[in-house]
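Structure first, commentary second.
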Amino acid sequence: MRCFWDERQRAHAPAVEFFNGALHPAAEHDGRVDSILAAIGRTEAPADHGMAPLLAVHDTGYLDFLQRAHRDWLAAGRTGEALPYAFPVVGRRPLRLGRIDAELGRYAYDTTTPIGPASWEAAYWGAQTALAALGAVRGGDHAFAFCRPPGHHAGADYCGGYSYLNNAAICAVAAGKRVAVLDIDYHHGNGTQDMLAGREGIRFASLHADPATDYPFYWGHADESGGNFLNLPLPRGTAFDAYDAALVRALGWLAEGSPELLVISFGADTYVGDPISHFALDTPDYARLARRIAAIGLPTLIVMEGGYAVHALGDNVATFLGGF
Ligand code: SP5
Ligand code: ZN
């Protein structure tokens, strides 16, 4: 399978994230890169498709903010990475915001997604990596986009969950055909759902930890399905058999849309040893999942999302890709 990666994605190297009342070492750190690159072998660098495919799904003000946020942070006399601490309550009226802290809260929904000096460049080349892999799939093949930072928690005008640009949504819309988007990261793909809801010709299905117990809490509940999206939350402890049964359901529902292309948001944080997650898939299970998905016979773009057990991450990714 052709694999795409751009070295500029490495420069996003967050040090810390804030949750449960304390700063923790960032789970989405640059050590994930070598684990995956060593396991997948040869990669190709993307061409530059420019801003147009990003602007097709993201808000102009948000993209402008991402590009200048860290400069504005430094200009305010801060050091390190920009993190929000105050957030507008849902339904507050739009305001013209001046101070960087006000804007950070406006364009983010959590405190785990720091913006550093190289975050925009890394996210931009992550999106270009996804678009290059999409181009490779157009020939009728499968391709893997090693995107980093991840994308599926980012919405049209917000970052969160270590995500800044939604690579899967960018590609689903750029493809310009009937697309099935399958999200099999441990966490609900809230940004992708928000961006693709109601889009003609696109269906979105997500398997994820029950948001009653797990991040991102406010999306992905079982009764939050309808129209062009389907949510299948699963309890902590879910292992292969129950996961596979939900996958069969999701694939059947996606196939009803007669898709011409499958986009997979792939997270390896469903792994039993993941440090921030609570499912129980083992390394060989990723090949079984891939074979299940490949059996539907669609050209497939695989986009990297989460996965934090660095010692096993490369193996899990390579095993998944090998199953195709
Ligand atoms: C792309 C992706 O996988 N983003 C995930 C963001 C999850 N952030 C959750 C932060 C809270 C983690 N709680 C961990 C408890 C460890 N004992
Ligand atoms: Zn995840």
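Please note that chains go A, B, ... in the order of the structure tokens, that every chain numbers its residues from 1, and that ligands are numbered from 1 in the order shown.
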Give the alpha helix (DSSP H) residues of segment 87-292 of chain A, as DSSP finds them on the backbone, and put them as a PyMOL selection string. chain A and resi 100-106+119-137+167-174+190-196+240-255+283-292
Members of segment 106-315 of chain A assigned strand (DSSP E) by DSSP, as number ranges by chain: A: 142-145, 179-183, 202-209, 229-234, 261-266, 300-304
Closest pair table for chain A residues within 6 Å of ligand 2, only C-alpha atoms and all ligand atoms, as CSV:
```
residue,atom,partner,partner_atom_place_in_ligand_line,distance
A:Asp185,CA,ligand 2,1 (Zn),4.9
A:Tyr186,CA,ligand 2,1 (Zn),4.6
A:His187,CA,ligand 2,1 (Zn),4.3
A:Gly267,CA,ligand 2,1 (Zn),5.8
A:Asp269,CA,ligand 2,1 (Zn),5.6
A:Gly306,CA,ligand 2,1 (Zn),4.4
```
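Residues in contact with ligand 1 (atom pairs separated by at most 7 Å; only C-alpha atoms and all ligand atoms) are Phe19, Thr112, Pro150, Gly151, His152, His153, Gly161, Tyr162, Ser163, Asp185, Tyr186, His187, Tyr215, Gly267, Asp269, Pro275, Ile276, Ser277, Glu305, Gly306 and Gly307 of chain A.
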Write the residues you've just listed into a file as a short mmCIF file (atom, residue, chain, number, x, y, z; two decimals), in the first residue's frame, and include N, CA and C atoms for each of them.
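In the end it all went to result.cif:
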```cif
data_model
loop_
_atom_site.label_atom_id
_atom_site.label_comp_id
_atom_site.auth_asym_id
_atom_site.auth_seq_id
_atom_site.Cartn_x
_atom_site.Cartn_y
_atom_site.Cartn_z
N PHE A 19 -5.78 18.08 31.85
CA PHE A 19 -7.06 17.42 32.08
C PHE A 19 -7.09 16.87 33.50
N THR A 112 -6.57 20.40 25.96
CA THR A 112 -5.58 19.35 25.67
C THR A 112 -4.95 19.55 24.29
N PRO A 150 -3.44 14.51 14.70
CA PRO A 150 -4.67 13.91 14.19
C PRO A 150 -5.71 14.97 13.79
N GLY A 151 -6.87 14.51 13.31
CA GLY A 151 -7.83 15.49 12.79
C GLY A 151 -9.28 15.35 13.22
N HIS A 152 -9.69 14.16 13.69
CA HIS A 152 -11.15 13.91 13.73
C HIS A 152 -11.90 14.65 14.82
N HIS A 153 -11.21 15.27 15.77
CA HIS A 153 -11.91 16.10 16.77
C HIS A 153 -12.04 17.56 16.33
N GLY A 161 -9.04 17.88 21.21
CA GLY A 161 -8.67 16.46 21.10
C GLY A 161 -7.42 16.21 20.28
N TYR A 162 -6.43 17.11 20.41
CA TYR A 162 -5.14 17.04 19.70
C TYR A 162 -5.31 17.30 18.20
N SER A 163 -6.48 17.77 17.77
CA SER A 163 -6.79 17.93 16.34
C SER A 163 -6.98 19.40 15.97
N ASP A 185 -11.38 5.20 15.49
CA ASP A 185 -10.57 5.64 16.63
C ASP A 185 -11.36 5.31 17.91
N TYR A 186 -10.66 5.20 19.03
CA TYR A 186 -11.33 4.92 20.32
C TYR A 186 -12.34 6.01 20.69
N HIS A 187 -12.04 7.25 20.29
CA HIS A 187 -12.88 8.39 20.66
C HIS A 187 -13.84 8.76 19.54
N TYR A 215 -14.13 10.79 26.88
CA TYR A 215 -13.94 11.92 25.98
C TYR A 215 -14.44 11.56 24.58
N GLY A 267 -7.75 5.01 14.36
CA GLY A 267 -6.99 5.22 15.58
C GLY A 267 -6.58 3.87 16.13
N ASP A 269 -5.79 3.61 19.19
CA ASP A 269 -6.01 3.74 20.65
C ASP A 269 -7.10 2.80 21.15
N PRO A 275 -2.43 3.88 26.72
CA PRO A 275 -2.35 4.51 28.05
C PRO A 275 -3.53 5.42 28.40
N ILE A 276 -4.32 5.88 27.42
CA ILE A 276 -5.43 6.79 27.78
C ILE A 276 -6.79 6.20 27.42
N SER A 277 -6.82 4.93 26.98
CA SER A 277 -8.07 4.36 26.47
C SER A 277 -8.36 3.02 27.11
N GLU A 305 -5.38 8.68 12.94
CA GLU A 305 -5.89 9.53 14.02
C GLU A 305 -5.06 9.26 15.29
N GLY A 306 -5.67 8.67 16.34
CA GLY A 306 -4.96 8.50 17.60
C GLY A 306 -4.22 7.17 17.72
N GLY A 307 -3.74 6.89 18.96
CA GLY A 307 -2.94 5.70 19.21
C GLY A 307 -1.71 6.13 19.99
#
```
Using only C-alpha atoms, which residue out of A:Ser119, A:Ser265, A:Thr79, A:Ser206 lies closest to Asn166 of chain A?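 Using only C-alpha atoms, the shortest distance to Asn166 of chain A belongs to A:Ser265.
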Determine, for each residue of segment 80-194 of chain A having at least one atom at most 7 Å from an atom of segment 38-60 of chain A, the closest pair of atoms and their separation in Å to one decimal, counting only C-alpha atoms; order by chain and ascending number, as a Markdown table.
```
| residue | atom | partner | partner_atom | distance |
| --- | --- | --- | --- | --- |
| A:Gln128 | CA | A:Pro46 | CA | 6.1 |
| A:Thr129 | CA | A:Pro46 | CA | 5.2 |
| A:Ala132 | CA | A:Pro46 | CA | 5.2 |
| A:Ala156 | CA | A:His58 | CA | 4.2 |
| A:Asp157 | CA | A:Asp59 | CA | 5.3 |
| A:Ile170 | CA | A:Leu54 | CA | 6.1 |
| A:Ala174 | CA | A:Pro53 | CA | 6.2 |
```
